[in-house]
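Trainee: This is the structure I want to talk about, given as structure tokens.
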Amino acid sequence: MLSTSGSQLPRVSVLVLNYNGREHLETCFRSLSALDYPPDRLKLVLVDNASTDDSVAWMRCQFPSVCIIKHEQNWGFCRGCNLAIVQVDADIIVLLDNSTRVAPECLKELTKPFADAHEIAVVGARMLDSEGKHLDFAHAETDFYGHSYQVSYSSHNVDAYNKAHPLLFVCGGAMAVRRDVFLDSGGFDEDFFACYADADLCWRLWVLGYEVWFAPRAIVHHHQPGNRDAVADAKRLVLYERNALLSIIKNCERENLQRVLSVALFLLLKRAYLLSDIDPAHYRVEQLPELTSLRDAEEVPQQVASMLLAASDVVTLLPRVMEKRRDIQARRRRPDAEMPSLLQALVRVNHTDQEYRITCQELANIFGLVQVFRQGRVDER
Amino acid sequence: MSAESPFVTVVVLNYNGLEHLESCFRSLLAINYPAERRELMMVDNGSTDGSVAWMREHFPAVRIIETGRNLGFAGGNNAGARAARGEIVVFLNNDVRVAPDWLAELVTSFRGAPDVACVGSRILNWDGTRVDFADGGMNFYGYGYQLDHGRRSTGDVGEVRPQLSVCGGAMAVRRDLFLQWDGFDEDFFAFYEDTDLGWRFWVLGYRVLLAPRSVTYHRGHGTAGRLGGEKRRLLYERNALLSIIKNYEQENLDRILAAALLLLLQRAWLTSGVDGEHFRIGGSAPVRPRALPEDDTYTYRYYLRRAWKTLREEGPAGLWETVRSEWRWRTGGLPLERALRRRARPSTSGQVAITRESLAHLVAANDVIALLPRTMEKRARIQAARRRPDAEIFPLFRRPLELSLFTPEFKQAQASVVTVLGLDELFGDMS
């Protein structure tokens with residue numbers, strides 16, 4: 001157990017992962033320099049993922065006391081963090097997005113829960129938008145097919161969830177993690193590259209018997225990226241869809257894996273079908289022969305291709321994922337039924353399409369998943 | 001069954017096949033079978049080419065059942081079976097002609113064997129030189145195969161033998177069993193309903209046989225040949241999934257369904273015509289775990305080697321015939337232009353061109369999801385009446401690990417899924 005009394009505050013390293021984010025660094029590190037935390041117990045680190053802008057030179061000049069870890073290439077979020085965490089010495093690692101601004105008391109609030117309970121391995125901060133008008137992160141759910149959501153995202157109720165509570169995962173953009181547990185659990189899954197790596201790590205920690213908590217008074221302001229372009233969205237979706245499946249395959253209990261995975265794959269196909277918006281009549285033999293002269297390909301939203309590529313990646317990675325699965329399951333300390341928050345999302349499917357929501361319910365019933373995840377969650381502290 | 005020849009109804013399903021009817025029914029009238037012990041029937045699936053009027057004029061003795069619209073292979077034949085008077089019902093495609101002993105050889109296998117539910121004919125090409133169907137198999141996710149399709153027909157036809165299923169284009173069933181167990185699954189519309197029926201009979205404790213001395217001659221893909229690749233793809237993918245969902249034991253379904261869906265998605269990706277590299281954030285491409293053993297099957301070199309061998313053994317005509325039949329079977333008549341076309345990339349418009357063949361996989365999956373509640377009810381009925389464990393049926397699959405897309409990429413993907421999920425152990429020596 002880590003003590004929080006007086007000078008015995010845990011030794012913390014704050015890691016800010018950066019890739020061509022020079023514009024954000026001044027705000028971020030200015031706020032970090034103003035943290036209310038004993039300087040001898042705190043180390044600030046910039047982890048640079050081989051930026052091609054002048055991030056590193058600028059930091060050396062403006063914040064000479066900040067330690068810099070320079071990667072020789074852009075390793076993505078997962079490997080970028082993993083490599084850095086091995087190198088720093090601390091009790092607690094705080095991972096912070098570069099486009100953030102922390103409140104002075106944030107770090108004390110974020111590290112306090114570790115002193116309360118040995119099982120707590122990760123604590124997440126309350127994230128607000130840069131003006132503090134909208135909620136960014138306060139609670140999260142992962143549904144049974146591996147997709148994770150920030151509940152109440154962009155809600156005006158910035159004080160929602162004002163009690164500390166356990167949750168399946170917290171946002172990797174502002175999380176504190178015990179370094180020893182992080183390293184022992186294998187850290188972020190580098191096959192993910194980025195996206196859902198935080199949710200996957202936290203899910204794994206729950207499986208291994210640890211707990212993940214939310215610290216409501218640790219406040220971090222998060223600058224929202226502007227309009228993203230369609231191509232970037234399609235590329236990101238490959239990672240989201242792929243990593244959700246990888247996470248299921250690794251973390252689900254043996255008895256549930258096959259059914260959960262089947263349902264997850266059916267739902268992936270359903271989402272791709274609905275998104276494609278094709279007219280199925282053109283594919284039906286009953287339409288013979290009027291439509292046989294239609295063109296060979298159809299223009300569809302490119303996210304459909306992202307979803308297919310994601311599944312193909314899962315097939316490619318399957319041998320290694322199953323090895324990781326064996327390691328995790330061999331160390332399991334908590335049954336699936338005791339995971340927090342799995343069922344809530346099943347009942348409240350985060351999708352606007354009515355047909356899709358009905359499909360979710362139907363598949364969950366047919367494959368008996370409702371019973372699997374209906375049971376308890378850990379008690380509120 | 002009485003000692004004399006059983007009463008048989010021959011059901012010829014027809015949909016706009018006027019051109020085939022004369023040769024088909026002329027050969028049927030010439031068979032060696034007591035005329036008073038057989039009923040000839042044409043089930044017309046709503047033809048618009050005048051088939052019915054032509055039949056009334058030229059073959060007035062043939063009984064005609066009109067369904068009024070195209071109910072597909074399953075619905076049309078089921079309607080014929082319901083209307084049939086025979087204790088044995090024989091389903092026959094319209095684009096075939098039959099050998100004189102065809103029917104007698106077919107029904108003799110039912111004699112004294114009440115557990116035989118279904119018997120199939122050997123099907124040759126029109127001039128009898130090559131095999132169309134004489135040996136059937138299936139892979140673990142429900143893809144059916146005509147194992148010696150295109151092989152030269154020889155005199156050595158072998159004995160009556162058990163098979164997982166026989167071709168629905170020339171098969172006989174016991175009418176009572178067929179109707180009791182719901183006949184061909186009408187949700188299938190067409191393709192694989194014969195495989196599904198045969199598999200179901202085995203699960204229920206019956207047997208399915210191939211009678212090699214019962215011969216029909218097939219003109220080639222009459223109706224099916226006119227289908228676009230994506231329409232065929234939809235039927236294959238959907239029906240294979242429906243079939244495995246209905247017929248596997250629970251434990252095996254649990255092991256296999258996710259693998260089947262992963263491989264369906266993999267086929268959808270590999271046929272999409274999309275350039276994956278342009279969908280990558282730099283550095284995020286998966287790092288392949290470790291290469292599977294070197295294997296050049298289905299590469300260009302493999303096909304060159306095979307072509308050279310065929311040319312030496314069977315001459316130019318043999319090579320031409322083999323290439324044609326392989327191309328049609330393996331690609332479903334894939335247009336050559338697709339192989340040459342530039343692969344699609346993402347754009348700021350947010351749209352990308354995906355082949356209709358690939359999108360057909362999504363329609364298939366969506367169909368399966370929509371049919372799932374009903375399919376699970378069918379499954380419950382079949383499994384409650386199960387009389388034979390899967391392990392005894394597996395040897396009849398013959399090709400449990402056969403591919404469904406003949407490219408090196410898919411071969412590697414399937415091998416990986418099979419090994420990692422332990423499906424090779426399930427099928428033991430057969431793999």
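Naming works like this for the structure tokens: A, B, ... for the chains as they're shown, residue 1 at the start of each chain, ligands 1 onward in shown order.
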Near range 205-210 of chain A, within 10 Å and counting only C-alpha atoms, which residues show up once chain neighbours fewer than 2 positions away are dropped, as a PyMOL selection string?
Mentor: chain A and resi 117-122+167-169+181-182+185+187+199-203+212+251-253+328-336+338-340
Trainee: Could you pull the residues within 10 Å of Asp36 in chain A, counting only C-alpha atoms, minus those fewer than 5 positions along the same chain, as a PyMOL selection string?
Mentor: chain A and resi 103-108
Trainee: Could you pull out the helix (DSSP H, G or I) residues of range 164-246 of chain A from DSSP and send them as a PyMOL selection string?
Mentor: chain A and resi 179-184+190-192+197-207+230-246
Trainee: Got time to write the residues from that selection, N, CA and C atoms, as a tab-separated table (two decimals), in the first residue's frame?
Mentor:
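Contents of the output file selection_34.tsv:
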chain	number	residue	atom	x	y	z
A	179	ARG	N	3.20	1.53	-11.49
A	179	ARG	CA	4.21	1.10	-12.45
A	179	ARG	C	4.48	-0.40	-12.37
A	180	ASP	N	4.57	-0.92	-11.11
A	180	ASP	CA	4.90	-2.35	-10.97
A	180	ASP	C	3.79	-3.23	-11.59
A	181	VAL	N	2.54	-2.82	-11.38
A	181	VAL	CA	1.43	-3.60	-11.93
A	181	VAL	C	1.41	-3.49	-13.46
A	182	PHE	N	1.64	-2.27	-13.94
A	182	PHE	CA	1.66	-2.06	-15.38
A	182	PHE	C	2.68	-2.98	-16.06
A	183	LEU	N	3.88	-3.00	-15.50
A	183	LEU	CA	4.94	-3.81	-16.12
A	183	LEU	C	4.63	-5.30	-15.98
A	184	ASP	N	4.13	-5.69	-14.81
A	184	ASP	CA	3.84	-7.10	-14.57
A	184	ASP	C	2.73	-7.61	-15.48
A	190	GLU	N	0.90	-3.96	-27.76
A	190	GLU	CA	1.51	-3.23	-28.87
A	190	GLU	C	0.91	-3.60	-30.22
A	191	ASP	N	0.20	-4.70	-30.29
A	191	ASP	CA	-0.50	-5.02	-31.54
A	191	ASP	C	-1.65	-4.04	-31.80
A	192	PHE	N	-2.05	-3.30	-30.76
A	192	PHE	CA	-3.16	-2.35	-30.94
A	192	PHE	C	-2.71	-1.09	-31.69
A	197	ALA	N	-6.52	0.83	-26.42
A	197	ALA	CA	-5.45	0.18	-25.65
A	197	ALA	C	-5.68	0.41	-24.16
A	198	ASP	N	-6.22	1.60	-23.81
A	198	ASP	CA	-6.50	1.89	-22.40
A	198	ASP	C	-7.59	0.96	-21.87
A	199	ALA	N	-8.66	0.81	-22.65
A	199	ALA	CA	-9.76	-0.06	-22.23
A	199	ALA	C	-9.27	-1.51	-22.09
A	200	ASP	N	-8.43	-1.93	-23.02
A	200	ASP	CA	-7.92	-3.30	-22.98
A	200	ASP	C	-7.06	-3.54	-21.75
A	201	LEU	N	-6.18	-2.59	-21.46
A	201	LEU	CA	-5.31	-2.74	-20.28
A	201	LEU	C	-6.16	-2.84	-19.02
A	202	CYS	N	-7.16	-1.95	-18.91
A	202	CYS	CA	-7.97	-1.94	-17.69
A	202	CYS	C	-8.79	-3.23	-17.56
A	203	TRP	N	-9.34	-3.68	-18.68
A	203	TRP	CA	-10.10	-4.94	-18.66
A	203	TRP	C	-9.20	-6.07	-18.15
A	204	ARG	N	-7.98	-6.10	-18.68
A	204	ARG	CA	-7.02	-7.13	-18.28
A	204	ARG	C	-6.72	-7.04	-16.79
A	205	LEU	N	-6.58	-5.80	-16.29
A	205	LEU	CA	-6.27	-5.64	-14.87
A	205	LEU	C	-7.41	-6.15	-14.00
A	206	TRP	N	-8.65	-5.91	-14.42
A	206	TRP	CA	-9.79	-6.47	-13.70
A	206	TRP	C	-9.71	-8.00	-13.69
A	207	VAL	N	-9.40	-8.58	-14.86
A	207	VAL	CA	-9.29	-10.05	-14.95
A	207	VAL	C	-8.23	-10.55	-13.98
A	230	ALA	N	-12.26	12.75	-43.63
A	230	ALA	CA	-12.90	11.45	-43.80
A	230	ALA	C	-11.89	10.31	-43.88
A	231	VAL	N	-10.76	10.58	-44.51
A	231	VAL	CA	-9.76	9.52	-44.65
A	231	VAL	C	-9.19	9.14	-43.29
A	232	ALA	N	-8.90	10.16	-42.48
A	232	ALA	CA	-8.36	9.88	-41.14
A	232	ALA	C	-9.37	9.08	-40.32
A	233	ASP	N	-10.65	9.41	-40.45
A	233	ASP	CA	-11.69	8.68	-39.71
A	233	ASP	C	-11.74	7.22	-40.14
A	234	ALA	N	-11.64	6.99	-41.43
A	234	ALA	CA	-11.69	5.61	-41.93
A	234	ALA	C	-10.50	4.82	-41.42
A	235	LYS	N	-9.34	5.48	-41.37
A	235	LYS	CA	-8.14	4.80	-40.88
A	235	LYS	C	-8.26	4.47	-39.40
A	236	ARG	N	-8.80	5.44	-38.64
A	236	ARG	CA	-8.94	5.22	-37.21
A	236	ARG	C	-9.93	4.08	-36.93
A	237	LEU	N	-10.98	4.01	-37.75
A	237	LEU	CA	-11.99	2.97	-37.52
A	237	LEU	C	-11.40	1.56	-37.66
A	238	VAL	N	-10.41	1.40	-38.54
A	238	VAL	CA	-9.74	0.09	-38.65
A	238	VAL	C	-9.22	-0.31	-37.28
A	239	LEU	N	-8.60	0.64	-36.58
A	239	LEU	CA	-8.01	0.34	-35.28
A	239	LEU	C	-9.08	0.06	-34.24
A	240	TYR	N	-10.14	0.87	-34.23
A	240	TYR	CA	-11.20	0.66	-33.24
A	240	TYR	C	-11.84	-0.72	-33.40
A	241	GLU	N	-12.23	-1.04	-34.63
A	241	GLU	CA	-12.92	-2.32	-34.86
A	241	GLU	C	-12.00	-3.50	-34.59
A	242	ARG	N	-10.77	-3.39	-35.05
A	242	ARG	CA	-9.83	-4.48	-34.87
A	242	ARG	C	-9.52	-4.69	-33.39
A	243	ASN	N	-9.25	-3.60	-32.69
A	243	ASN	CA	-8.81	-3.71	-31.31
A	243	ASN	C	-9.94	-4.17	-30.38
A	244	ALA	N	-11.16	-3.80	-30.71
A	244	ALA	CA	-12.30	-4.28	-29.92
A	244	ALA	C	-12.34	-5.81	-29.97
A	245	LEU	N	-12.15	-6.36	-31.17
A	245	LEU	CA	-12.17	-7.82	-31.31
A	245	LEU	C	-10.99	-8.46	-30.59
A	246	LEU	N	-9.81	-7.86	-30.75
A	246	LEU	CA	-8.62	-8.42	-30.07
A	246	LEU	C	-8.84	-8.45	-28.56
Trainee: Using only C-alpha atoms, which of the listed residues (B:Leu403, B:Ala317, B:Leu257, B:Ala79) sits closest to chain A?
Mentor: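 Checking each candidate against chain A, we get B:Leu257 as the closest.
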Trainee: Using only C-alpha atoms, which protein or nucleic acid residues come within 12 Å of Glu402 in chain B? Drop anything in the same chain fewer than 5 positions from it, and give the result as a ChimeraX atom specification.
Mentor: /B:137-147,397,410-411,414-415,418,424,430-431
Trainee: Keeping only N, CA and C atoms, write the selected residues to a file as a JSON list (two decimals), in the first residue's frame.
Mentor:
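So the final result, stored in out-v2.json, reads:
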[["chain", "number", "residue", "atom", "x", "y", "z"],
["B", 137, "GLY", "N", -18.45, -33.66, -50.89],
["B", 137, "GLY", "CA", -17.80, -33.41, -49.61],
["B", 137, "GLY", "C", -18.20, -32.04, -49.10],
["B", 138, "MET", "N", -17.73, -31.72, -47.90],
["B", 138, "MET", "CA", -18.08, -30.42, -47.32],
["B", 138, "MET", "C", -16.95, -29.99, -46.40],
["B", 139, "ASN", "N", -16.72, -28.68, -46.31],
["B", 139, "ASN", "CA", -15.72, -28.24, -45.33],
["B", 139, "ASN", "C", -16.40, -27.85, -44.02],
["B", 140, "PHE", "N", -15.60, -27.49, -43.03],
["B", 140, "PHE", "CA", -16.17, -27.35, -41.68],
["B", 140, "PHE", "C", -17.12, -26.18, -41.55],
["B", 141, "TYR", "N", -17.08, -25.23, -42.49],
["B", 141, "TYR", "CA", -18.06, -24.15, -42.38],
["B", 141, "TYR", "C", -19.14, -24.23, -43.45],
["B", 142, "GLY", "N", -19.35, -25.45, -43.96],
["B", 142, "GLY", "CA", -20.56, -25.70, -44.73],
["B", 142, "GLY", "C", -20.47, -25.52, -46.23],
["B", 143, "TYR", "N", -19.28, -25.26, -46.75],
["B", 143, "TYR", "CA", -19.12, -25.17, -48.20],
["B", 143, "TYR", "C", -19.16, -26.58, -48.79],
["B", 144, "GLY", "N", -20.05, -26.84, -49.75],
["B", 144, "GLY", "CA", -20.15, -28.15, -50.37],
["B", 144, "GLY", "C", -19.23, -28.25, -51.58],
["B", 145, "TYR", "N", -18.77, -29.46, -51.87],
["B", 145, "TYR", "CA", -17.86, -29.66, -52.99],
["B", 145, "TYR", "C", -18.28, -30.85, -53.84],
["B", 146, "GLN", "N", -18.15, -30.69, -55.17],
["B", 146, "GLN", "CA", -18.25, -31.82, -56.08],
["B", 146, "GLN", "C", -16.82, -32.27, -56.32],
["B", 147, "LEU", "N", -16.43, -33.37, -55.65],
["B", 147, "LEU", "CA", -15.00, -33.64, -55.53],
["B", 147, "LEU", "C", -14.33, -34.05, -56.83],
["B", 397, "PHE", "N", -17.47, -35.81, -44.29],
["B", 397, "PHE", "CA", -17.16, -34.47, -44.81],
["B", 397, "PHE", "C", -16.14, -34.58, -45.94],
["B", 410, "PHE", "N", -5.83, -16.33, -48.71],
["B", 410, "PHE", "CA", -6.91, -16.98, -47.97],
["B", 410, "PHE", "C", -6.46, -18.32, -47.41],
["B", 411, "LYS", "N", -5.63, -19.00, -48.17],
["B", 411, "LYS", "CA", -5.13, -20.30, -47.70],
["B", 411, "LYS", "C", -4.39, -20.12, -46.38],
["B", 414, "GLN", "N", -6.92, -19.23, -43.53],
["B", 414, "GLN", "CA", -7.71, -20.37, -43.06],
["B", 414, "GLN", "C", -6.84, -21.33, -42.24],
["B", 415, "ALA", "N", -5.61, -21.57, -42.73],
["B", 415, "ALA", "CA", -4.71, -22.46, -42.00],
["B", 415, "ALA", "C", -4.45, -21.92, -40.60],
["B", 418, "VAL", "N", -7.64, -22.31, -38.41],
["B", 418, "VAL", "CA", -7.85, -23.72, -38.09],
["B", 418, "VAL", "C", -6.88, -24.19, -37.01],
["B", 424, "ASP", "N", -8.18, -28.42, -36.40],
["B", 424, "ASP", "CA", -7.52, -29.57, -37.04],
["B", 424, "ASP", "C", -7.62, -30.80, -36.14],
["B", 430, "MET", "N", -8.29, -36.60, -40.88],
["B", 430, "MET", "CA", -8.83, -36.11, -42.14],
["B", 430, "MET", "C", -8.14, -34.84, -42.60],
["B", 431, "SER", "N", -7.55, -34.09, -41.64],
["B", 431, "SER", "CA", -6.91, -32.85, -42.05],
["B", 431, "SER", "C", -5.53, -33.16, -42.62]]
Trainee: Please extract the residues of range 8-137 of chain A with a backbone DSSP assignment of strand (DSSP E or B) and present them as an MDAnalysis selection string.
Mentor: chainID A and resid 12:18 42:48 67:70 92:97 100:102 120:129 135:137
Trainee: Excluding Arg85 in chain B and any residue of its chain fewer than 2 positions from it, enumerate the residues within 12 Å of it, using only C-alpha atoms, and give them as a short mmCIF file (atom, residue, chain, number, x, y, z; two decimals) with all heavy atoms, in the first residue's frame.
Mentor:
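As a result, part_9.cif now contains:
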data_model
loop_
_atom_site.label_atom_id
_atom_site.label_comp_id
_atom_site.auth_asym_id
_atom_site.auth_seq_id
_atom_site.Cartn_x
_atom_site.Cartn_y
_atom_site.Cartn_z
N PRO B 6 -41.08 -50.11 -56.43
CA PRO B 6 -41.86 -49.11 -55.68
C PRO B 6 -42.47 -48.08 -56.62
O PRO B 6 -41.94 -47.85 -57.71
CB PRO B 6 -40.83 -48.47 -54.77
CG PRO B 6 -39.52 -48.69 -55.45
CD PRO B 6 -39.64 -49.98 -56.19
N PHE B 7 -43.57 -47.50 -56.17
CA PHE B 7 -44.18 -46.44 -56.96
C PHE B 7 -43.35 -45.17 -56.79
O PHE B 7 -43.08 -44.72 -55.67
CB PHE B 7 -45.63 -46.20 -56.52
CG PHE B 7 -46.39 -45.35 -57.50
CD1 PHE B 7 -47.09 -45.93 -58.56
CD2 PHE B 7 -46.39 -43.96 -57.39
CE1 PHE B 7 -47.78 -45.16 -59.47
CE2 PHE B 7 -47.07 -43.17 -58.31
CZ PHE B 7 -47.78 -43.77 -59.36
N VAL B 8 -42.95 -44.58 -57.92
CA VAL B 8 -42.01 -43.45 -57.90
C VAL B 8 -42.61 -42.25 -58.60
O VAL B 8 -43.25 -42.38 -59.66
CB VAL B 8 -40.69 -43.83 -58.63
CG1 VAL B 8 -39.74 -42.64 -58.69
CG2 VAL B 8 -40.02 -45.01 -57.94
N THR B 9 -42.44 -41.07 -58.03
CA THR B 9 -42.77 -39.83 -58.73
C THR B 9 -41.47 -39.14 -59.11
O THR B 9 -40.62 -38.90 -58.25
CB THR B 9 -43.61 -38.89 -57.86
OG1 THR B 9 -44.83 -39.54 -57.53
CG2 THR B 9 -43.91 -37.59 -58.59
N VAL B 10 -41.32 -38.85 -60.41
CA VAL B 10 -40.16 -38.08 -60.86
C VAL B 10 -40.58 -36.62 -60.97
O VAL B 10 -41.49 -36.29 -61.73
CB VAL B 10 -39.63 -38.58 -62.22
CG1 VAL B 10 -38.44 -37.74 -62.67
CG2 VAL B 10 -39.25 -40.05 -62.14
N VAL B 11 -39.92 -35.77 -60.18
CA VAL B 11 -40.26 -34.34 -60.16
C VAL B 11 -39.19 -33.57 -60.93
O VAL B 11 -38.03 -33.56 -60.54
CB VAL B 11 -40.33 -33.82 -58.72
CG1 VAL B 11 -40.55 -32.31 -58.70
CG2 VAL B 11 -41.42 -34.53 -57.95
N GLU B 36 -46.69 -48.20 -65.04
CA GLU B 36 -47.76 -48.03 -64.06
C GLU B 36 -47.22 -47.83 -62.65
O GLU B 36 -47.97 -47.57 -61.72
CB GLU B 36 -48.72 -49.24 -64.10
CG GLU B 36 -48.16 -50.54 -63.54
CD GLU B 36 -47.18 -51.26 -64.47
OE1 GLU B 36 -46.88 -50.73 -65.56
OE2 GLU B 36 -46.69 -52.35 -64.10
N ARG B 37 -45.87 -47.94 -62.49
CA ARG B 37 -45.28 -47.74 -61.17
C ARG B 37 -44.55 -46.40 -61.09
O ARG B 37 -43.78 -46.16 -60.16
CB ARG B 37 -44.27 -48.86 -60.84
CG ARG B 37 -44.84 -50.27 -60.90
CD ARG B 37 -45.90 -50.51 -59.86
NE ARG B 37 -45.41 -50.42 -58.49
CZ ARG B 37 -46.17 -50.23 -57.43
NH1 ARG B 37 -47.50 -50.05 -57.58
NH2 ARG B 37 -45.66 -50.17 -56.22
N ARG B 38 -44.77 -45.55 -62.08
CA ARG B 38 -44.10 -44.25 -62.00
C ARG B 38 -45.03 -43.13 -62.45
O ARG B 38 -45.92 -43.33 -63.27
CB ARG B 38 -42.81 -44.23 -62.83
CG ARG B 38 -43.02 -44.55 -64.32
CD ARG B 38 -42.27 -43.58 -65.18
NE ARG B 38 -42.37 -43.93 -66.61
CZ ARG B 38 -43.39 -43.53 -67.37
NH1 ARG B 38 -44.39 -42.83 -66.85
NH2 ARG B 38 -43.42 -43.85 -68.65
N GLU B 39 -44.78 -41.98 -61.87
CA GLU B 39 -45.54 -40.77 -62.19
C GLU B 39 -44.52 -39.72 -62.62
O GLU B 39 -43.55 -39.48 -61.91
CB GLU B 39 -46.29 -40.30 -60.95
CG GLU B 39 -46.98 -38.96 -61.09
CD GLU B 39 -47.55 -38.44 -59.75
OE1 GLU B 39 -46.85 -38.56 -58.72
OE2 GLU B 39 -48.67 -37.93 -59.75
N LEU B 40 -44.74 -39.12 -63.80
CA LEU B 40 -43.84 -38.05 -64.23
C LEU B 40 -44.51 -36.71 -63.95
O LEU B 40 -45.69 -36.53 -64.23
CB LEU B 40 -43.53 -38.16 -65.73
CG LEU B 40 -42.82 -39.44 -66.18
CD1 LEU B 40 -42.52 -39.38 -67.68
CD2 LEU B 40 -41.55 -39.68 -65.38
N MET B 41 -43.76 -35.81 -63.37
CA MET B 41 -44.33 -34.53 -62.96
C MET B 41 -43.38 -33.41 -63.34
O MET B 41 -42.16 -33.55 -63.22
CB MET B 41 -44.53 -34.53 -61.44
CG MET B 41 -45.08 -33.23 -60.88
SD MET B 41 -44.98 -33.18 -59.07
CE MET B 41 -46.14 -34.44 -58.63
N ARG B 63 -47.76 -34.91 -65.50
CA ARG B 63 -48.54 -34.11 -64.57
C ARG B 63 -47.83 -32.77 -64.31
O ARG B 63 -46.61 -32.74 -64.12
CB ARG B 63 -48.67 -34.89 -63.26
CG ARG B 63 -49.73 -34.37 -62.34
CD ARG B 63 -49.81 -35.30 -61.12
NE ARG B 63 -50.34 -34.57 -59.99
CZ ARG B 63 -50.15 -34.88 -58.73
NH1 ARG B 63 -49.42 -35.94 -58.42
NH2 ARG B 63 -50.68 -34.16 -57.78
N GLY B 80 -43.50 -30.12 -55.22
CA GLY B 80 -43.61 -31.35 -56.00
C GLY B 80 -43.74 -32.57 -55.11
O GLY B 80 -44.57 -33.46 -55.35
N ALA B 81 -42.92 -32.62 -54.05
CA ALA B 81 -42.95 -33.78 -53.14
C ALA B 81 -44.30 -33.88 -52.44
O ALA B 81 -44.83 -34.97 -52.25
CB ALA B 81 -41.81 -33.65 -52.12
N ARG B 82 -44.85 -32.74 -52.05
CA ARG B 82 -46.15 -32.76 -51.37
C ARG B 82 -47.24 -33.30 -52.29
O ARG B 82 -48.11 -34.05 -51.88
CB ARG B 82 -46.51 -31.36 -50.86
CG ARG B 82 -45.86 -31.01 -49.52
CD ARG B 82 -46.46 -29.75 -48.91
NE ARG B 82 -46.20 -28.58 -49.74
CZ ARG B 82 -45.13 -27.79 -49.61
NH1 ARG B 82 -44.24 -28.06 -48.68
NH2 ARG B 82 -44.96 -26.76 -50.40
N ALA B 83 -47.17 -32.92 -53.57
CA ALA B 83 -48.20 -33.33 -54.52
C ALA B 83 -47.98 -34.74 -55.04
O ALA B 83 -48.88 -35.35 -55.61
CB ALA B 83 -48.25 -32.34 -55.68
N GLU B 87 -44.19 -43.37 -53.31
CA GLU B 87 -43.56 -43.49 -51.99
C GLU B 87 -42.11 -43.02 -52.06
O GLU B 87 -41.52 -42.64 -51.05
CB GLU B 87 -43.63 -44.92 -51.47
CG GLU B 87 -43.06 -45.96 -52.42
CD GLU B 87 -43.30 -47.39 -51.93
OE1 GLU B 87 -42.88 -47.66 -50.79
OE2 GLU B 87 -43.87 -48.20 -52.68
N ILE B 88 -41.56 -43.09 -53.29
CA ILE B 88 -40.23 -42.52 -53.53
C ILE B 88 -40.43 -41.30 -54.43
O ILE B 88 -41.17 -41.36 -55.42
CB ILE B 88 -39.31 -43.51 -54.28
CG1 ILE B 88 -39.18 -44.83 -53.50
CG2 ILE B 88 -37.96 -42.88 -54.58
CD1 ILE B 88 -38.31 -44.77 -52.29
N VAL B 89 -39.77 -40.21 -54.08
CA VAL B 89 -39.80 -39.02 -54.93
C VAL B 89 -38.39 -38.80 -55.47
O VAL B 89 -37.42 -38.84 -54.71
CB VAL B 89 -40.26 -37.78 -54.15
CG1 VAL B 89 -40.19 -36.54 -55.03
CG2 VAL B 89 -41.68 -37.98 -53.64
N VAL B 90 -38.30 -38.61 -56.80
CA VAL B 90 -37.00 -38.36 -57.41
C VAL B 90 -36.98 -36.93 -57.93
O VAL B 90 -37.86 -36.55 -58.70
CB VAL B 90 -36.72 -39.34 -58.57
CG1 VAL B 90 -35.32 -39.11 -59.12
CG2 VAL B 90 -36.88 -40.77 -58.10
N ARG B 174 -37.15 -40.94 -49.72
CA ARG B 174 -38.41 -41.51 -49.23
C ARG B 174 -39.33 -40.34 -48.92
O ARG B 174 -39.01 -39.49 -48.09
CB ARG B 174 -38.17 -42.31 -47.95
CG ARG B 174 -37.52 -43.64 -48.17
CD ARG B 174 -37.47 -44.39 -46.84
NE ARG B 174 -36.50 -45.45 -46.92
CZ ARG B 174 -36.78 -46.68 -47.42
NH1 ARG B 174 -37.99 -46.96 -47.86
NH2 ARG B 174 -35.83 -47.59 -47.48
N ARG B 175 -40.48 -40.34 -49.56
CA ARG B 175 -41.36 -39.17 -49.44
C ARG B 175 -41.78 -38.91 -47.99
O ARG B 175 -41.78 -37.76 -47.54
CB ARG B 175 -42.61 -39.38 -50.31
CG ARG B 175 -43.59 -38.23 -50.25
CD ARG B 175 -44.71 -38.39 -51.27
NE ARG B 175 -45.68 -37.31 -51.17
CZ ARG B 175 -46.74 -37.31 -50.35
NH1 ARG B 175 -46.95 -38.35 -49.57
NH2 ARG B 175 -47.56 -36.27 -50.32
N ASP B 176 -42.11 -39.98 -47.24
CA ASP B 176 -42.60 -39.76 -45.87
C ASP B 176 -41.53 -39.12 -44.99
O ASP B 176 -41.80 -38.17 -44.26
CB ASP B 176 -43.13 -41.07 -45.25
CG ASP B 176 -42.10 -42.20 -45.28
OD1 ASP B 176 -41.08 -42.05 -46.00
OD2 ASP B 176 -42.30 -43.22 -44.62
#
Trainee: Quick one: residues within 7 Å of Phe73 in chain B, only C-alpha atoms counted, chain neighbours fewer than 3 positions away excluded, as number ranges by chain?
Mentor: B: 76-77, 189-190
Trainee: CA of Ser99 in chain A to CA of Asp159 in chain A: how many Å, to one decimal?
Mentor: 21.4 Å
Trainee: Which residue, B:Val12, B:Ala134, B:Leu396, B:Leu92, has the smallest gap to Glu159 in chain B when you use only C-alpha atoms?
Mentor: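 Under the stated criterion, the closest residue is B:Ala134.
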